[in-house]
file query-v2.txt (compact mmCIF, C-alpha atoms (C1' of nucleotides))
# COMPACT_ATOMS: atom_id res chain seq x y z
CA MET A 1 41.66 57.18 -22.38
CA TRP A 2 43.83 54.46 -23.85
CA THR A 3 42.85 51.19 -25.52
CA GLU A 4 44.87 48.10 -26.23
CA LYS A 5 43.81 45.22 -28.43
CA MET A 6 45.32 41.76 -27.98
CA ALA A 7 44.95 38.39 -29.65
CA LEU A 8 45.28 35.63 -27.05
CA ASP A 9 47.56 32.65 -27.50
CA THR A 10 45.03 30.09 -26.24
CA ILE A 11 41.47 28.94 -26.67
CA TYR A 12 39.27 30.91 -24.26
CA ASP A 13 35.51 30.86 -23.76
CA PHE A 14 35.02 34.51 -22.92
CA ASP A 15 31.23 34.32 -23.31
CA TYR A 16 31.11 31.79 -20.48
CA VAL A 17 33.52 33.82 -18.34
CA LEU A 18 31.26 36.85 -18.65
CA LYS A 19 28.15 34.84 -17.89
CA ARG A 20 29.80 33.50 -14.75
CA LEU A 21 31.01 36.94 -13.67
CA ALA A 22 27.52 38.32 -14.24
CA MET A 23 26.20 36.07 -11.46
CA ASP A 24 27.74 38.49 -8.97
CA PRO A 25 25.48 41.57 -8.77
CA LEU A 26 28.50 43.70 -7.80
CA HIS A 27 30.05 43.21 -11.23
CA VAL A 28 29.32 45.62 -14.06
CA VAL A 29 28.84 43.29 -17.01
CA ASP A 30 27.10 43.61 -20.37
CA LEU A 31 26.52 40.22 -21.96
CA ASP A 32 25.29 41.65 -25.27
CA GLU A 33 28.15 44.11 -25.80
CA LYS A 34 30.50 41.58 -24.17
CA TYR A 35 32.35 43.81 -21.74
CA ILE A 36 33.04 44.04 -18.04
CA TYR A 37 34.46 46.85 -15.91
CA ILE A 38 37.22 45.72 -13.57
CA PRO A 39 38.24 47.41 -10.32
CA VAL A 40 42.02 47.52 -9.89
CA LEU A 41 43.66 48.62 -6.66
CA LEU A 42 47.26 49.80 -7.15
CA PRO A 43 49.58 51.65 -4.76
CA SER A 44 48.69 54.76 -6.78
CA GLY A 45 44.99 54.34 -6.02
CA LYS A 46 41.82 52.93 -7.50
CA HIS A 47 41.57 52.38 -11.23
CA VAL A 48 38.94 50.96 -13.56
CA VAL A 49 39.62 48.97 -16.72
CA ARG A 50 37.03 48.00 -19.31
CA LEU A 51 37.58 44.58 -20.85
CA THR A 52 35.75 43.76 -24.08
CA SER A 53 35.67 40.50 -26.02
CA LEU A 54 36.06 40.92 -29.77
CA GLY A 55 36.84 37.35 -30.80
CA THR A 56 35.64 33.77 -30.45
CA THR A 57 36.54 30.82 -28.25
CA THR A 58 39.00 29.46 -30.80
CA GLN A 59 40.34 32.88 -31.81
CA PRO A 60 39.99 35.10 -28.76
CA VAL A 61 40.71 38.81 -29.09
CA VAL A 62 40.29 41.23 -26.21
CA GLU A 63 40.38 44.99 -25.87
CA LEU A 64 41.35 46.81 -22.68
CA ALA A 65 40.53 50.45 -22.06
CA SER A 66 41.02 52.86 -19.16
CA ASP A 67 41.31 56.53 -18.27
CA SER A 68 44.36 55.86 -16.08
CA LEU A 69 47.07 56.89 -18.53
CA GLU A 70 50.05 56.77 -16.19
CA GLU A 71 49.44 53.17 -15.10
CA LYS A 72 48.73 51.64 -18.51
CA SER A 73 51.34 48.88 -18.47
CA LYS A 74 50.63 47.92 -14.86
CA LEU A 75 46.91 47.71 -15.53
CA ILE A 76 47.42 45.54 -18.59
CA ASP A 77 49.70 43.19 -16.66
CA HIS A 78 47.20 43.04 -13.82
CA VAL A 79 44.19 42.17 -15.97
CA PHE A 80 46.28 39.72 -17.99
CA ASP A 81 47.03 37.91 -14.74
CA LEU A 82 43.47 38.07 -13.37
CA PHE A 83 42.10 36.32 -16.45
CA ARG A 84 45.18 34.07 -16.70
CA TRP A 85 45.77 34.65 -20.41
CA GLN A 86 49.31 33.32 -20.02
CA VAL A 87 47.80 29.82 -19.63
CA ASN A 88 47.33 27.77 -22.78
CA LEU A 89 44.06 25.92 -22.22
CA SER A 90 44.65 23.49 -25.09
CA ASP A 91 47.55 22.13 -23.07
CA LYS A 92 45.29 21.70 -20.05
CA ALA A 93 42.67 19.97 -22.19
CA ASN A 94 45.29 17.48 -23.39
CA HIS A 95 45.85 16.47 -19.79
CA PHE A 96 42.22 15.34 -19.56
CA LYS A 97 42.43 13.13 -22.66
CA GLY A 98 41.74 9.57 -21.65
CA THR A 99 40.23 10.55 -18.32
CA ASN A 100 36.61 10.29 -17.23
CA LEU A 101 36.18 14.02 -17.89
CA GLU A 102 37.52 14.01 -21.44
CA SER A 103 34.22 14.64 -23.22
CA LEU A 104 33.18 17.30 -20.71
CA PHE A 105 36.37 19.33 -20.86
CA ILE A 106 37.34 18.85 -24.49
CA ARG A 107 34.06 18.65 -26.39
CA ARG A 108 31.41 20.25 -24.19
CA TYR A 109 33.28 23.02 -22.36
CA PRO A 110 36.54 23.80 -24.22
CA GLY A 111 38.38 26.93 -23.16
CA THR A 112 37.10 27.08 -19.57
CA PRO A 113 39.73 29.13 -17.71
CA VAL A 114 40.56 29.78 -14.09
CA VAL A 115 39.64 33.44 -13.58
CA LYS A 116 40.78 35.08 -10.38
CA GLU A 117 38.64 37.26 -8.17
CA PHE A 118 39.62 40.89 -8.61
CA HIS A 119 41.51 41.22 -5.31
CA PRO A 120 43.02 38.62 -2.91
CA TYR A 121 41.45 40.16 0.20
CA ALA A 122 38.09 40.66 -1.49
CA SER A 123 38.24 37.03 -2.55
CA LEU A 124 38.77 35.86 1.03
CA MET A 125 35.94 38.00 2.40
CA LYS A 126 33.57 36.89 -0.35
CA THR A 127 34.44 33.25 0.22
CA ILE A 128 33.81 33.45 3.98
CA ILE A 129 30.52 35.25 3.42
CA HIS A 130 29.43 32.60 0.89
CA GLN A 131 29.94 29.69 3.29
CA GLN A 132 26.88 27.39 3.53
CA LEU A 133 24.47 29.73 1.75
CA ASN A 134 22.55 29.34 -1.47
CA MET A 135 24.07 31.45 -4.21
CA ALA A 136 21.19 33.92 -4.36
CA PHE A 137 21.41 34.89 -0.70
CA ALA A 138 25.22 34.67 -0.71
CA HIS A 139 25.35 37.31 -3.43
CA THR A 140 22.79 39.43 -1.63
CA LEU A 141 24.97 39.38 1.50
CA THR A 142 28.19 40.33 -0.31
CA ARG A 143 26.34 43.06 -2.17
CA ARG A 144 25.02 44.56 1.06
CA PHE A 145 28.47 44.30 2.64
CA VAL A 146 30.24 46.10 -0.21
CA GLU A 147 27.52 48.70 -0.77
CA GLN A 148 27.60 49.54 2.92
CA TYR A 149 31.34 49.54 3.57
CA GLY A 150 33.06 49.60 0.17
CA SER A 151 33.43 52.42 -2.34
CA LYS A 152 32.22 53.09 -5.85
CA VAL A 153 34.61 54.50 -8.46
CA GLU A 154 33.52 55.21 -12.03
CA GLY A 155 30.44 53.09 -11.37
CA VAL A 156 32.46 50.10 -10.16
CA TRP A 157 32.42 48.69 -6.61
CA PHE A 158 35.61 48.15 -4.64
CA TYR A 159 35.53 46.01 -1.49
CA PRO A 160 36.38 47.84 1.75
CA THR A 161 39.98 47.56 2.97
CA PRO A 162 40.96 45.29 5.90
CA GLU A 163 41.39 48.45 7.99
CA GLU A 164 37.86 49.53 7.23
CA VAL A 165 36.38 46.12 8.00
CA ALA A 166 38.45 45.77 11.19
CA SER A 167 36.78 48.90 12.55
CA ILE A 168 33.15 47.81 12.12
CA SER A 169 31.24 45.95 14.85
CA TYR A 170 29.67 42.50 14.83
CA GLU A 171 26.34 44.18 15.45
CA ASP A 172 26.74 46.26 12.29
CA LEU A 173 27.05 43.12 10.20
CA ARG A 174 24.19 41.39 12.05
CA GLN A 175 22.00 44.19 10.77
CA LEU A 176 22.90 43.18 7.22
CA GLN A 177 21.67 39.67 8.18
CA PHE A 178 25.07 38.15 8.78
CA SER A 179 24.96 35.40 11.38
CA GLN A 180 26.90 36.17 14.57
CA ARG A 181 29.56 33.63 13.57
CA LYS A 182 29.96 35.00 10.08
CA ALA A 183 30.29 38.54 11.41
CA GLU A 184 33.07 37.34 13.73
CA TYR A 185 34.87 35.46 10.97
CA VAL A 186 34.86 38.44 8.59
CA ILE A 187 35.89 41.08 11.12
CA ASN A 188 38.43 39.00 13.07
CA THR A 189 40.17 37.80 9.91
CA SER A 190 40.43 41.41 8.75
CA ARG A 191 41.95 42.33 12.12
CA LEU A 192 44.59 39.64 11.67
CA ILE A 193 45.55 41.28 8.38
CA VAL A 194 45.67 44.76 9.92
CA ASP A 195 47.80 43.45 12.79
CA GLY A 196 50.24 41.92 10.32
CA GLU A 197 49.55 38.35 11.46
CA LEU A 198 48.12 37.43 8.06
CA ASN A 199 49.70 38.64 4.82
CA LEU A 200 47.80 37.52 1.73
CA GLU A 201 50.31 38.92 -0.75
CA GLN A 202 53.05 36.92 0.92
CA LEU A 203 50.81 33.87 1.18
CA ALA A 204 50.20 34.01 -2.56
CA GLN A 205 53.90 33.18 -3.05
CA GLU A 206 53.83 30.00 -0.97
CA SER A 207 52.99 26.40 -1.86
CA ASP A 208 49.40 25.14 -1.79
CA GLU A 209 50.21 23.01 1.26
CA GLN A 210 51.69 25.89 3.23
CA VAL A 211 48.80 28.18 2.34
CA MET A 212 46.30 25.55 3.49
CA LYS A 213 48.13 25.07 6.77
CA THR A 214 48.25 28.82 7.45
CA LEU A 215 44.66 29.62 6.50
CA VAL A 216 42.96 26.67 8.21
CA LYS A 217 44.44 27.73 11.56
CA ILE A 218 42.30 30.86 11.41
CA ARG A 219 38.91 30.60 13.10
CA GLY A 220 36.23 30.68 10.43
CA ILE A 221 38.44 29.35 7.64
CA GLY A 222 38.10 25.63 6.99
CA ASN A 223 39.21 23.47 4.10
CA TRP A 224 36.55 24.72 1.70
CA THR A 225 37.35 28.39 2.25
CA ALA A 226 41.12 27.87 2.06
CA GLU A 227 40.78 25.83 -1.14
CA ASN A 228 38.51 28.42 -2.70
CA TRP A 229 40.98 31.16 -1.85
CA LEU A 230 43.79 29.22 -3.48
CA LEU A 231 41.62 28.74 -6.57
CA PHE A 232 40.06 32.18 -6.94
CA GLY A 233 42.31 34.39 -4.84
CA ALA A 234 45.62 32.95 -6.00
CA GLY A 235 44.60 31.33 -9.31
CA ARG A 236 46.10 27.92 -8.47
CA GLU A 237 45.38 25.03 -10.83
CA ASP A 238 45.00 21.97 -8.60
CA LEU A 239 42.11 22.62 -6.23
CA LEU A 240 39.02 20.44 -5.86
CA PRO A 241 36.92 21.58 -2.88
CA LYS A 242 35.62 18.17 -1.80
CA LYS A 243 33.28 19.58 0.82
CA ASP A 244 31.57 21.75 -1.77
CA ILE A 245 27.93 20.73 -2.09
CA GLY A 246 27.89 21.87 -5.73
CA ILE A 247 30.85 19.66 -6.62
CA GLN A 248 29.25 16.70 -4.85
CA ASN A 249 25.97 17.17 -6.69
CA ALA A 250 27.74 17.66 -10.03
CA LEU A 251 29.70 14.42 -9.58
CA LYS A 252 26.53 12.60 -8.55
CA HIS A 253 24.68 13.71 -11.66
CA TYR A 254 27.51 13.45 -14.16
CA PHE A 255 28.48 9.94 -13.10
CA GLY A 256 24.85 8.83 -12.66
CA MET A 257 25.07 8.01 -8.98
CA ASP A 258 21.95 7.68 -6.80
CA ARG A 259 23.62 9.60 -3.95
CA LYS A 260 26.37 12.13 -3.43
CA PRO A 261 29.88 10.62 -3.47
CA THR A 262 31.78 10.32 -0.20
CA LEU A 263 34.94 12.35 0.34
CA GLN A 264 36.97 9.16 -0.15
CA GLU A 265 35.21 8.42 -3.45
CA ILE A 266 35.91 11.97 -4.63
CA ASP A 267 39.59 11.46 -3.80
CA ASP A 268 39.67 8.27 -5.84
CA MET A 269 37.89 9.56 -8.95
CA SER A 270 39.86 12.82 -9.03
CA LYS A 271 43.36 11.35 -8.87
CA GLU A 272 43.77 11.27 -12.63
CA TRP A 273 42.88 14.98 -12.90
CA MET A 274 45.95 16.03 -10.89
CA PRO A 275 47.77 18.40 -11.04
CA PHE A 276 45.03 20.36 -12.83
CA ARG A 277 41.99 19.62 -10.66
CA SER A 278 40.91 23.28 -10.72
CA TYR A 279 39.74 22.86 -14.31
CA ALA A 280 37.71 19.82 -13.28
CA THR A 281 36.21 21.88 -10.48
CA LEU A 282 35.23 24.65 -12.88
CA ILE A 283 33.63 22.43 -15.50
CA LEU A 284 31.78 20.46 -12.81
CA TRP A 285 30.34 23.67 -11.39
CA ARG A 286 29.54 24.65 -14.96
CA THR A 287 27.35 21.57 -15.42
CA MET A 288 25.33 22.62 -12.37
CA GLU A 289 25.13 26.25 -13.49
CA GLU A 290 23.55 25.14 -16.78
CA ARG A 291 21.19 22.82 -14.92
CA GLN A 292 19.99 25.78 -12.85
CA MET A 293 19.82 28.30 -15.68
CA GLY A 294 18.18 25.83 -18.04
C1' DA B 295 6.45 23.02 5.60
C1' DA B 296 10.40 20.69 5.14
C1' DC B 297 14.58 20.54 3.21
C1' DC B 298 18.49 22.57 1.03
C1' DA B 299 22.42 25.71 0.46
C1' DG B 300 29.22 26.26 -3.84
C1' DG B 301 30.57 25.25 5.63
C1' DG B 302 32.79 25.52 10.17
C1' DA B 303 33.51 24.96 15.16
C1' DA B 304 33.18 22.31 19.03
C1' DG B 305 32.48 18.19 21.19
C1' DA B 306 32.33 13.02 21.10
C1' DT B 307 34.15 8.75 19.63
C1' DA C 308 41.74 11.34 12.60
C1' DT C 309 36.79 10.92 11.68
C1' DC C 310 31.86 11.40 13.04
C1' DT C 311 27.88 14.10 15.03
C1' DT C 312 25.59 18.24 16.52
C1' DC C 313 24.63 22.84 16.44
C1' DC C 314 24.75 27.31 14.35
C1' DA C 315 21.78 30.71 11.16
C1' DT C 316 19.04 32.38 7.57
C1' DG C 317 17.07 32.99 2.98
C1' DG C 318 15.45 30.08 -1.09
C1' DT C 319 12.65 26.67 -3.25

call {"tool": "encode", "arguments": {"input": "query-v2.txt", "output": "structure tokens"}}
result
Amino acid sequence: MWTEKMALDTIYDFDYVLKRLAMDPLHVVDLDEKYIYIPVLLPSGKHVVRLTSLGTTTQPVVELASDSLEEKSKLIDHVFDLFRWQVNLSDKANHFKGTNLESLFIRRYPGTPVVKEFHPYASLMKTIIHQQLNMAFAHTLTRRFVEQYGSKVEGVWFYPTPEEVASISYEDLRQLQFSQRKAEYVINTSRLIVDGELNLEQLAQESDEQVMKTLVKIRGIGNWTAENWLLFGAGREDLLPKKDIGIQNALKHYFGMDRKPTLQEIDDMSKEWMPFRSYATLILWRTMEERQMG
DNA sequence: AACCAGGGAAGAT
DNA sequence: ATCTTCCATGGT
């Protein structure tokens, strides 16, 4: 067992990050002790890292711990990237000064980071499964999917591999209460990866525009899913999923509209957030999360 | 009971 | 290109 303590060179609201991660029942999170266990898939196999928050939003300190001695530096790099600690969020906040989101991002929700899903493929599967479902049922579906076809290591769930998903039948997923369409999307997309027609690691190196073009061609992946993969699978900073019902409702409420904004109106009001629209997306979702949780 | 949900495909215009 | 319609199923 090794541990590594680090002071972060940014503001960072770790309490909020944990609360958000705790919404997914597959995550092993303790909000009181402020830690989360993270599944990490390396060429050498499956590893688990415990991440604990020891600091505050303005002076964040984290501690990483794992039993995987031989991969220590790789695991640290990996988690550092997942939580995007290389990003200075004060710089991002400065970009929103003078915009219509200034008070939300700077005073109400400072230190709201982009946090990546734990694996690019898992992120894509989760995003497809979450299409057009309320969050409660969406999480139930992904939990069933992973508990049925994934694997548990040191108490932490890993999503199944593309090979494993490619080999299951539509009927198998129907039994978990997937719709026929959703079962096709999940399995067929996994088959594309197995067949080498879709390479997410390679895709993660390409521009947002190229990624969108590639992903949207795939049956079952529309704009919303592609944008969400860029945001949570690749950690990109300029995504605003306009078709997202949560974003539309958040904009409606925050700007006091009597209806949801049109896609054109969203384009207009979000121009000044570029090229960091992902942070706007996150704080807008955050307003709705607090509305729901009270 | 009706409407909604952190959409997408297919068809029509 | 942009707009309907249908799909599907649990939550509220």

call {"tool": "interface_residues", "arguments": {"input": "query-v2.txt", "of": "chain C", "to": "chain A", "cutoff": "10 Å", "atoms": "all atoms listed in the file", "output": "PDB file with C-alpha atoms (C1' of nucleotides), keeping the file's coordinate frame"}}
result
ATOM      1  C1'  DC C 314      24.750  27.310  14.350  1.00  0.00           C
ATOM      2  C1'  DA C 315      21.780  30.710  11.160  1.00  0.00           C
ATOM      3  C1'  DT C 316      19.040  32.380   7.570  1.00  0.00           C
ATOM      4  C1'  DG C 317      17.070  32.990   2.980  1.00  0.00           C
ATOM      5  C1'  DG C 318      15.450  30.080  -1.090  1.00  0.00           C
TER       6       DG C 318
END

call {"tool": "interface_residues", "arguments": {"input": "query-v2.txt", "of": "chain A", "to": "chain B", "cutoff": "9 Å", "atoms": "only C-alpha atoms (C1' of nucleotides)", "output": "VMD selection string"}}
result
chain A and resid 128 130 to 135 219 to 225 243 to 247 285

call {"tool": "atom_distance", "arguments": {"input": "query-v2.txt", "atom1": "atom CA of Leu240 of chain A", "atom2": "atom CA of Pro25 of chain A"}}
result
25.3 Å

call {"tool": "axis_aligned_box", "arguments": {"input": "query-v2.txt", "around": "chain B", "padding_each_side": "3 Å", "output": "AutoDock Vina command-line options"}}
result
--center_x 20.3 --center_y 17.5 --center_z 8.7 --size_x 33.7 --size_y 23.5 --size_z 31.0

call {"tool": "residues_near_point", "arguments": {"input": "query-v2.txt", "point": "(36.2, 41.7, -30.8)", "cutoff": "9 Å", "atoms": "all atoms listed in the file", "output": "list in words"}}
result
Lys5, Lys34, Thr52, Ser53, Leu54, Gly55, Thr56, Pro60, Val61, Val62 and Glu63 of chain A

call {"tool": "atom_distance", "arguments": {"input": "query-v2.txt", "atom1": "atom CA of Gly111 of chain A", "atom2": "atom CA of Ile11 of chain A"}}
result
5.1 Å

call {"tool": "atom_distance", "arguments": {"input": "query-v2.txt", "atom1": "atom CA of Met212 of chain A", "atom2": "atom CA of Leu231 of chain A"}}
result
11.5 Å
